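A.B. asks: Before we start, here is the structure in question, set down as structure tokens.
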Amino acid sequence: MVSPFDRLAYAARQTARVAWYAGHYAAGLRLLKPMPKPDFPVGPTPSRAELTADMRALFEREWQDIEAGLYAAPGVRQPELSEFLRRSLLYFRDLPQVDARRHGQSDELPPGEQGDGLPDYYRQNFHFQTDGWLSDQSAALYDTQVEVLFTGAADVMRRRVMKPIAEWMAGRNQRDLRGLDVGCGTGRLLAFLHDAWPGLRLSGIDLSVPYLAEARRLIGRTARVKLIEGAAEKLPFEDASIDFIVSSFLLHELPQTVRDEVLREMARVLKCDGLVVLVDSIQRGDQPEWDGLIDLFPHYFHEPYYAEYANGNLQAWGEAAGLSRAGTERAFLSKVMAFRRA
Ligand SMILES: C[S@@+](CC[C@H](N)C(=O)[O-])C[C@H]1O[C@@H](n2cnc3c(N)ncnc32)[C@H](O)[C@@H]1O
């Protein structure tokens with residue numbers, strides 16, 4: 001049972017997060033040099049008021065699910081206050097380098113340095129991030145960068161995968177279930193899943209050792225959550241061995257051929273009655289009045305594979321991999337798509 005106090009606590013926590021990251025966003029706009037205007041056609045874009053209203057509606061939907069008992073109100077899942085503040089400072093210290101890359105001084109990770117042996121498509125400064133996915137500093141900065149980009153709504157978008165999972169789990173015993181987060185990064189979604197259903201046996205897989213270390217710090221030492229260094233396109237699991245699979249904001253970072261392999265791997269390791277829930281950027285036509293955002297995003301951020309992703313069709317890719325769509329929700333700037341085995 002949730003009380004009016006729980007609702008107030010949820011609202012206060014989420015409002016504080018949004019205000020904090022929206023403040024970073026506004027400060028960043030002042031610090032960054034303006035980018036040249038795009039010299040290509042740009043579709044319609046929403047106003048800030050429209051975006052804010054849509055984000056608010058998303059928090060409201062999450063609250064309704066919490067109230068309906070689908071899962072408990074999420075904790076903050078932040079590092080200690082001093083570390084939290086240090087990360088904001090690091091974020092602002094790194095901005096001039098990010099800005100220099102945005103303005104053409106791109107320095108992809110040179111061979112012979114970080115991540116030797118990892119695939120070329122992976123060894124890039126995604127988001128113009130210093131060190132790409134490949135340093136402790138990048139791992140420490142990542143969550144702040146993403147929350148600033150989404151003005152405090154990244155976590156709630158990730159958590160929308162929990163609704164279809166909660167519905168699918170009805171009548172199942174969490175202690176019997178194995179879940180997998182593919183491209184788990186710094187582990188925020190795993191942490192929320194672990195908090196909501198501590199009996200689950202969870203694994204997270206990612207190619208980045210520093211991001212996995214960050215995930216371990218966030219989640220803490222528990223045998224219930226295993227973290228594995230490995231490639232999403234070669235999942236180290238038996239056929240039909242995993243009950244549910246989630247993945248947040250991975251697919252748009254992958255070239256088409258790798259993305260297709262990843263989806264096929266998910267279908268391979270999923271049990272017959274299992275569930276896959278993916279959350280990633282909206283694609284063209286999901287919210288046609290916002291299509292301009294899809295045009296602009298890869299212009300402002302280093303996102304080598306985003307345009308191909310955003311102009312494609314996640315449902316069709318899932319079906320080609322042997323999955324069939326079981327539900328979709330647009331969640332602010334992302335969409336959540338659930339699949340079963342076809
Ligand atoms: C945009 S981040 C998303 C991280 C996390 N899921 C989240 O919600 O923030 C993409 C993550 O995918 C990982 N990644 C990219 N390509 C991968 C691959 N082929 N196999 C495993 N992990 C990969 C990166 O290391 C990074 O941690």
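Here, A, B, ... name the chains of the structure tokens in the order displayed, residue numbers run from 1 inside each chain, and ligands are numbered from 1 in the same displayed order.
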Produce a table with one row for each residue of region 262-305 of chain A that has an atom at most 12 Å from any atom of region 148-154 of chain A, each row naming the nearest atom pair and its distance in Å at one decimal; use only C-alpha atoms; arrange rows by chain and rising residue number; format as CSV.
C.D. replies:
residue,atom,partner,partner_atom,distance
A:Val279,CA,A:Ala154,CA,10.7
A:Asp280,CA,A:Ala154,CA,10.5
A:Ser281,CA,A:Ala154,CA,11.0
A:Phe297,CA,A:Leu149,CA,10.7
A:Tyr300,CA,A:Leu149,CA,11.3
A:Phe301,CA,A:Leu149,CA,10.2
A.B. asks: Write to file, as a tab-separated table (two decimals), in the first residue's frame, the residues of the selection just made, with N, CA, C and O atoms.
C.D. replies:
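The file below, result_9.tsv, is the result:
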chain	number	residue	atom	x	y	z
A	279	VAL	N	14.60	-0.69	-24.48
A	279	VAL	CA	14.28	0.73	-24.46
A	279	VAL	C	15.39	1.48	-25.17
A	279	VAL	O	16.58	1.23	-24.92
A	280	ASP	N	14.98	2.33	-26.09
A	280	ASP	CA	15.98	3.12	-26.83
A	280	ASP	C	15.25	4.33	-27.42
A	280	ASP	O	14.05	4.49	-27.21
A	281	SER	N	15.98	5.13	-28.16
A	281	SER	CA	15.40	6.35	-28.74
A	281	SER	C	14.13	6.04	-29.54
A	281	SER	O	14.01	4.97	-30.14
A	297	PHE	N	19.78	15.26	-33.59
A	297	PHE	CA	20.59	14.62	-32.54
A	297	PHE	C	22.00	14.23	-33.01
A	297	PHE	O	22.99	14.62	-32.38
A	300	TYR	N	24.46	17.20	-33.32
A	300	TYR	CA	25.01	17.84	-32.11
A	300	TYR	C	25.83	16.89	-31.25
A	300	TYR	O	26.61	17.33	-30.41
A	301	PHE	N	25.61	15.60	-31.42
A	301	PHE	CA	26.33	14.62	-30.59
A	301	PHE	C	27.00	13.62	-31.52
A	301	PHE	O	26.50	13.38	-32.61
A.B. asks: Hey, what does DSSP flag as strand (DSSP E or B) within region 38-253 of chain A? Can you give it to me as a PyMOL selection string?
C.D. replies: chain A and resi 178-182+201-206+225-229+242-248
A.B. asks: Write a file of the just-selected residues containing C-alpha atoms, as a compact mmCIF listing (two decimals), in the first residue's frame.
C.D. replies:
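The file below, result19.txt, is the result:
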# COMPACT_ATOMS: atom_id res chain seq x y z
CA ARG A 178 17.15 -15.37 -14.53
CA GLY A 179 17.29 -11.91 -16.09
CA LEU A 180 19.96 -10.39 -18.31
CA ASP A 181 20.77 -6.74 -19.11
CA VAL A 182 22.64 -6.50 -22.43
CA ARG A 201 19.18 -13.82 -10.44
CA LEU A 202 20.46 -11.06 -12.69
CA SER A 203 23.42 -10.75 -15.05
CA GLY A 204 24.71 -7.70 -16.85
CA ILE A 205 27.03 -7.89 -19.82
CA ASP A 206 29.10 -5.07 -21.29
CA VAL A 225 23.81 -9.72 -9.70
CA LYS A 226 26.66 -11.02 -11.87
CA LEU A 227 28.58 -8.65 -14.12
CA ILE A 228 30.24 -10.10 -17.19
CA GLU A 229 32.76 -8.56 -19.56
CA ILE A 242 17.33 -16.83 -19.78
CA ASP A 243 13.83 -15.90 -18.60
CA PHE A 244 13.91 -12.23 -19.48
CA ILE A 245 16.27 -9.84 -21.22
CA VAL A 246 16.41 -6.07 -21.03
CA SER A 247 18.59 -3.58 -22.84
CA SER A 248 18.62 0.19 -22.48
A.B. asks: Could you give me, as a JSON list (two decimals) with N, CA, C and O atoms, in the first residue's frame, the residues within 10 Å of Leu90 (chain A), counting only C-alpha atoms and dropping anything in the same chain fewer than 6 positions from it?
C.D. replies:
[["chain", "number", "residue", "atom", "x", "y", "z"],
["A", 137, "GLN", "N", 37.36, 7.57, -15.83],
["A", 137, "GLN", "CA", 36.75, 8.90, -15.81],
["A", 137, "GLN", "C", 35.47, 8.93, -16.64],
["A", 137, "GLN", "O", 34.46, 9.51, -16.23],
["A", 138, "SER", "N", 35.51, 8.29, -17.81],
["A", 138, "SER", "CA", 34.31, 8.25, -18.64],
["A", 138, "SER", "C", 33.17, 7.55, -17.88],
["A", 138, "SER", "O", 32.03, 8.01, -17.90],
["A", 140, "ALA", "N", 32.78, 7.40, -14.69],
["A", 140, "ALA", "CA", 32.30, 8.26, -13.59],
["A", 140, "ALA", "C", 31.41, 9.39, -14.10],
["A", 140, "ALA", "O", 30.53, 9.86, -13.40],
["A", 141, "LEU", "N", 31.66, 9.82, -15.35],
["A", 141, "LEU", "CA", 30.92, 10.95, -15.90],
["A", 141, "LEU", "C", 29.62, 10.56, -16.59],
["A", 141, "LEU", "O", 28.72, 11.38, -16.74],
["A", 144, "THR", "N", 25.96, 11.31, -15.28],
["A", 144, "THR", "CA", 25.66, 12.74, -15.25],
["A", 144, "THR", "C", 25.40, 13.22, -16.68],
["A", 144, "THR", "O", 24.42, 13.94, -16.94]]
A.B. asks: Using only C-alpha atoms and all ligand atoms, which residues of the polymer chains come no farther than 9 Å from ligand 1? I'd like the answer as a PDB file with N, CA and C atoms, in the first residue's frame.
C.D. replies:
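File produced: out-v3.pdb:
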ATOM      1  N   PRO A 119      36.301  -4.276 -30.889  1.00  0.00           N
ATOM      2  CA  PRO A 119      35.914  -3.968 -32.277  1.00  0.00           C
ATOM      3  C   PRO A 119      36.064  -2.478 -32.603  1.00  0.00           C
ATOM      4  N   TYR A 121      34.154  -0.552 -34.368  1.00  0.00           N
ATOM      5  CA  TYR A 121      32.928   0.238 -34.240  1.00  0.00           C
ATOM      6  C   TYR A 121      32.732   0.720 -32.807  1.00  0.00           C
ATOM      7  N   TYR A 122      33.380   0.016 -31.869  1.00  0.00           N
ATOM      8  CA  TYR A 122      33.192   0.293 -30.441  1.00  0.00           C
ATOM      9  C   TYR A 122      34.179   1.352 -29.917  1.00  0.00           C
ATOM     10  N   PHE A 126      31.972   8.060 -28.494  1.00  0.00           N
ATOM     11  CA  PHE A 126      30.513   8.248 -28.549  1.00  0.00           C
ATOM     12  C   PHE A 126      30.147   9.466 -27.705  1.00  0.00           C
ATOM     13  N   HIS A 127      29.207  10.246 -28.194  1.00  0.00           N
ATOM     14  CA  HIS A 127      28.729  11.476 -27.507  1.00  0.00           C
ATOM     15  C   HIS A 127      29.851  12.496 -27.341  1.00  0.00           C
ATOM     16  N   GLY A 132      35.754   7.704 -24.889  1.00  0.00           N
ATOM     17  CA  GLY A 132      34.697   6.770 -25.315  1.00  0.00           C
ATOM     18  C   GLY A 132      34.136   6.020 -24.123  1.00  0.00           C
ATOM     19  N   TRP A 133      34.076   4.686 -24.265  1.00  0.00           N
ATOM     20  CA  TRP A 133      33.569   3.853 -23.154  1.00  0.00           C
ATOM     21  C   TRP A 133      34.717   3.334 -22.296  1.00  0.00           C
ATOM     22  N   LEU A 134      35.923   3.885 -22.496  1.00  0.00           N
ATOM     23  CA  LEU A 134      37.083   3.097 -22.079  1.00  0.00           C
ATOM     24  C   LEU A 134      37.957   3.676 -20.973  1.00  0.00           C
ATOM     25  N   ALA A 139      33.512   6.461 -17.196  1.00  0.00           N
ATOM     26  CA  ALA A 139      32.477   5.729 -16.442  1.00  0.00           C
ATOM     27  C   ALA A 139      31.908   6.592 -15.312  1.00  0.00           C
ATOM     28  N   TYR A 142      29.548   9.320 -17.032  1.00  0.00           N
ATOM     29  CA  TYR A 142      28.494   8.911 -17.956  1.00  0.00           C
ATOM     30  C   TYR A 142      27.075   9.210 -17.437  1.00  0.00           C
ATOM     31  N   ASP A 143      26.797   8.810 -16.205  1.00  0.00           N
ATOM     32  CA  ASP A 143      25.417   8.975 -15.721  1.00  0.00           C
ATOM     33  C   ASP A 143      25.019  10.446 -15.678  1.00  0.00           C
ATOM     34  N   VAL A 146      24.327  11.643 -19.283  1.00  0.00           N
ATOM     35  CA  VAL A 146      23.059  11.170 -19.843  1.00  0.00           C
ATOM     36  C   VAL A 146      21.883  11.885 -19.169  1.00  0.00           C
ATOM     37  N   ALA A 154      16.378  10.265 -17.659  1.00  0.00           N
ATOM     38  CA  ALA A 154      16.970   9.023 -18.188  1.00  0.00           C
ATOM     39  C   ALA A 154      16.549   7.822 -17.343  1.00  0.00           C
ATOM     40  N   ASP A 155      16.608   7.962 -16.024  1.00  0.00           N
ATOM     41  CA  ASP A 155      16.277   6.808 -15.169  1.00  0.00           C
ATOM     42  C   ASP A 155      14.822   6.377 -15.340  1.00  0.00           C
ATOM     43  N   ARG A 158      14.463   4.427 -18.465  1.00  0.00           N
ATOM     44  CA  ARG A 158      14.968   3.043 -18.278  1.00  0.00           C
ATOM     45  C   ARG A 158      13.951   2.202 -17.514  1.00  0.00           C
ATOM     46  N   ASP A 181      20.755  -8.100 -18.533  1.00  0.00           N
ATOM     47  CA  ASP A 181      20.775  -6.744 -19.107  1.00  0.00           C
ATOM     48  C   ASP A 181      21.945  -6.688 -20.092  1.00  0.00           C
ATOM     49  N   VAL A 182      21.621  -6.476 -21.370  1.00  0.00           N
ATOM     50  CA  VAL A 182      22.643  -6.499 -22.432  1.00  0.00           C
ATOM     51  C   VAL A 182      23.120  -5.073 -22.687  1.00  0.00           C
ATOM     52  N   GLY A 183      24.443  -4.843 -22.515  1.00  0.00           N
ATOM     53  CA  GLY A 183      24.984  -3.480 -22.611  1.00  0.00           C
ATOM     54  C   GLY A 183      24.597  -2.711 -21.362  1.00  0.00           C
ATOM     55  N   CYS A 184      24.861  -3.329 -20.198  1.00  0.00           N
ATOM     56  CA  CYS A 184      24.326  -2.797 -18.927  1.00  0.00           C
ATOM     57  C   CYS A 184      25.010  -1.511 -18.491  1.00  0.00           C
ATOM     58  N   GLY A 185      26.176  -1.188 -19.086  1.00  0.00           N
ATOM     59  CA  GLY A 185      26.854   0.064 -18.744  1.00  0.00           C
ATOM     60  C   GLY A 185      27.112   0.173 -17.256  1.00  0.00           C
ATOM     61  N   THR A 186      26.767   1.330 -16.690  1.00  0.00           N
ATOM     62  CA  THR A 186      27.065   1.599 -15.280  1.00  0.00           C
ATOM     63  C   THR A 186      26.035   0.970 -14.336  1.00  0.00           C
ATOM     64  N   GLY A 187      25.120   0.185 -14.875  1.00  0.00           N
ATOM     65  CA  GLY A 187      24.309  -0.698 -14.033  1.00  0.00           C
ATOM     66  C   GLY A 187      23.055  -0.093 -13.434  1.00  0.00           C
ATOM     67  N   ARG A 188      22.617   1.063 -13.933  1.00  0.00           N
ATOM     68  CA  ARG A 188      21.467   1.693 -13.268  1.00  0.00           C
ATOM     69  C   ARG A 188      20.197   0.845 -13.402  1.00  0.00           C
ATOM     70  N   LEU A 189      19.961   0.309 -14.593  1.00  0.00           N
ATOM     71  CA  LEU A 189      18.741  -0.495 -14.750  1.00  0.00           C
ATOM     72  C   LEU A 189      18.833  -1.782 -13.911  1.00  0.00           C
ATOM     73  N   LEU A 190      20.007  -2.399 -13.899  1.00  0.00           N
ATOM     74  CA  LEU A 190      20.180  -3.595 -13.063  1.00  0.00           C
ATOM     75  C   LEU A 190      19.890  -3.264 -11.599  1.00  0.00           C
ATOM     76  N   ILE A 205      25.866  -7.682 -18.966  1.00  0.00           N
ATOM     77  CA  ILE A 205      27.033  -7.894 -19.822  1.00  0.00           C
ATOM     78  C   ILE A 205      27.369  -6.594 -20.534  1.00  0.00           C
ATOM     79  N   ASP A 206      28.662  -6.306 -20.634  1.00  0.00           N
ATOM     80  CA  ASP A 206      29.104  -5.074 -21.294  1.00  0.00           C
ATOM     81  C   ASP A 206      30.566  -5.275 -21.700  1.00  0.00           C
ATOM     82  N   LEU A 207      30.970  -4.552 -22.762  1.00  0.00           N
ATOM     83  CA  LEU A 207      32.368  -4.658 -23.206  1.00  0.00           C
ATOM     84  C   LEU A 207      33.309  -3.755 -22.392  1.00  0.00           C
ATOM     85  N   SER A 208      32.754  -2.840 -21.606  1.00  0.00           N
ATOM     86  CA  SER A 208      33.606  -1.863 -20.929  1.00  0.00           C
ATOM     87  C   SER A 208      33.917  -2.282 -19.492  1.00  0.00           C
ATOM     88  N   VAL A 209      35.186  -2.552 -19.228  1.00  0.00           N
ATOM     89  CA  VAL A 209      35.580  -2.927 -17.862  1.00  0.00           C
ATOM     90  C   VAL A 209      35.339  -1.774 -16.880  1.00  0.00           C
ATOM     91  N   PRO A 210      35.714  -0.528 -17.234  1.00  0.00           N
ATOM     92  CA  PRO A 210      35.448   0.557 -16.271  1.00  0.00           C
ATOM     93  C   PRO A 210      33.957   0.762 -15.987  1.00  0.00           C
ATOM     94  N   TYR A 211      33.100   0.573 -17.009  1.00  0.00           N
ATOM     95  CA  TYR A 211      31.665   0.747 -16.760  1.00  0.00           C
ATOM     96  C   TYR A 211      31.151  -0.374 -15.860  1.00  0.00           C
ATOM     97  N   LEU A 212      31.676  -1.584 -16.060  1.00  0.00           N
ATOM     98  CA  LEU A 212      31.252  -2.691 -15.201  1.00  0.00           C
ATOM     99  C   LEU A 212      31.699  -2.453 -13.753  1.00  0.00           C
ATOM    100  N   GLU A 229      32.137  -9.304 -18.465  1.00  0.00           N
ATOM    101  CA  GLU A 229      32.764  -8.560 -19.563  1.00  0.00           C
ATOM    102  C   GLU A 229      32.581  -9.393 -20.826  1.00  0.00           C
ATOM    103  N   GLY A 230      31.884  -8.858 -21.809  1.00  0.00           N
ATOM    104  CA  GLY A 230      31.657  -9.637 -23.024  1.00  0.00           C
ATOM    105  C   GLY A 230      30.850  -8.849 -24.035  1.00  0.00           C
ATOM    106  N   ALA A 231      30.719  -9.449 -25.220  1.00  0.00           N
ATOM    107  CA  ALA A 231      30.068  -8.765 -26.340  1.00  0.00           C
ATOM    108  C   ALA A 231      28.612  -9.192 -26.455  1.00  0.00           C
ATOM    109  N   ALA A 232      27.766  -8.217 -26.705  1.00  0.00           N
ATOM    110  CA  ALA A 232      26.331  -8.471 -26.851  1.00  0.00           C
ATOM    111  C   ALA A 232      26.052  -9.358 -28.057  1.00  0.00           C
ATOM    112  N   GLU A 233      26.942  -9.312 -29.054  1.00  0.00           N
ATOM    113  CA  GLU A 233      26.707 -10.106 -30.271  1.00  0.00           C
ATOM    114  C   GLU A 233      27.203 -11.536 -30.106  1.00  0.00           C
ATOM    115  N   LYS A 234      27.727 -11.854 -28.919  1.00  0.00           N
ATOM    116  CA  LYS A 234      28.186 -13.217 -28.667  1.00  0.00           C
ATOM    117  C   LYS A 234      27.872 -13.530 -27.205  1.00  0.00           C
ATOM    118  N   LEU A 235      26.612 -13.664 -26.886  1.00  0.00           N
ATOM    119  CA  LEU A 235      26.227 -13.797 -25.475  1.00  0.00           C
ATOM    120  C   LEU A 235      26.710 -15.142 -24.928  1.00  0.00           C
ATOM    121  N   VAL A 246      16.666  -7.497 -20.820  1.00  0.00           N
ATOM    122  CA  VAL A 246      16.414  -6.066 -21.027  1.00  0.00           C
ATOM    123  C   VAL A 246      17.646  -5.454 -21.679  1.00  0.00           C
ATOM    124  N   SER A 247      17.459  -4.316 -22.294  1.00  0.00           N
ATOM    125  CA  SER A 247      18.590  -3.584 -22.837  1.00  0.00           C
ATOM    126  C   SER A 247      18.168  -2.133 -22.978  1.00  0.00           C
ATOM    127  N   SER A 248      19.002  -1.222 -22.444  1.00  0.00           N
ATOM    128  CA  SER A 248      18.619   0.190 -22.483  1.00  0.00           C
ATOM    129  C   SER A 248      19.683   0.998 -23.200  1.00  0.00           C
ATOM    130  N   PHE A 249      19.254   1.698 -24.229  1.00  0.00           N
ATOM    131  CA  PHE A 249      20.104   2.646 -24.968  1.00  0.00           C
ATOM    132  C   PHE A 249      21.362   2.010 -25.552  1.00  0.00           C
ATOM    133  N   LEU A 250      21.270   0.732 -25.898  1.00  0.00           N
ATOM    134  CA  LEU A 250      22.397   0.058 -26.558  1.00  0.00           C
ATOM    135  C   LEU A 250      22.237   0.074 -28.081  1.00  0.00           C
ATOM    136  N   LEU A 251      21.034  -0.250 -28.570  1.00  0.00           N
ATOM    137  CA  LEU A 251      20.899  -0.575 -29.993  1.00  0.00           C
ATOM    138  C   LEU A 251      21.317   0.573 -30.902  1.00  0.00           C
ATOM    139  N   HIS A 252      21.068   1.819 -30.479  1.00  0.00           N
ATOM    140  CA  HIS A 252      21.398   2.939 -31.382  1.00  0.00           C
ATOM    141  C   HIS A 252      22.906   3.182 -31.441  1.00  0.00           C
ATOM    142  N   GLU A 253      23.667   2.489 -30.595  1.00  0.00           N
ATOM    143  CA  GLU A 253      25.129   2.651 -30.600  1.00  0.00           C
ATOM    144  C   GLU A 253      25.807   1.617 -31.482  1.00  0.00           C
ATOM    145  N   LEU A 254      25.022   0.788 -32.173  1.00  0.00           N
ATOM    146  CA  LEU A 254      25.609  -0.346 -32.902  1.00  0.00           C
ATOM    147  C   LEU A 254      25.411  -0.210 -34.402  1.00  0.00           C
ATOM    148  N   VAL A 258      25.863  -5.552 -36.533  1.00  0.00           N
ATOM    149  CA  VAL A 258      26.062  -5.979 -35.140  1.00  0.00           C
ATOM    150  C   VAL A 258      24.717  -5.966 -34.406  1.00  0.00           C
ATOM    151  N   ARG A 259      23.930  -4.915 -34.665  1.00  0.00           N
ATOM    152  CA  ARG A 259      22.615  -4.837 -34.009  1.00  0.00           C
ATOM    153  C   ARG A 259      21.772  -6.071 -34.346  1.00  0.00           C
ATOM    154  N   VAL A 262      22.963  -8.977 -32.404  1.00  0.00           N
ATOM    155  CA  VAL A 262      22.590  -8.862 -30.985  1.00  0.00           C
ATOM    156  C   VAL A 262      21.144  -9.327 -30.791  1.00  0.00           C
ATOM    157  N   VAL A 279      14.596  -0.690 -24.481  1.00  0.00           N
ATOM    158  CA  VAL A 279      14.276   0.733 -24.460  1.00  0.00           C
ATOM    159  C   VAL A 279      15.393   1.482 -25.173  1.00  0.00           C
ATOM    160  N   ASP A 280      14.982   2.329 -26.093  1.00  0.00           N
ATOM    161  CA  ASP A 280      15.975   3.121 -26.833  1.00  0.00           C
ATOM    162  C   ASP A 280      15.252   4.326 -27.419  1.00  0.00           C
TER     163      ASP A 280
END
A.B. asks: Can you tell me, as a ChimeraX atom specification, which residues in region 63-219 of chain A count as alpha helix (DSSP H) by DSSP?
C.D. replies: /A:63-67,81-102,136-149,154-159,162-169,188-196,209-219
A.B. asks: Determine the nearest neighbour of Gly292 (chain A) from the options A:Val42, A:Ala215, A:Ala73, A:Ala166, counting only C-alpha atoms.
C.D. replies: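 Looking at the shortest contact to Gly292 (chain A), the residue is A:Val42.
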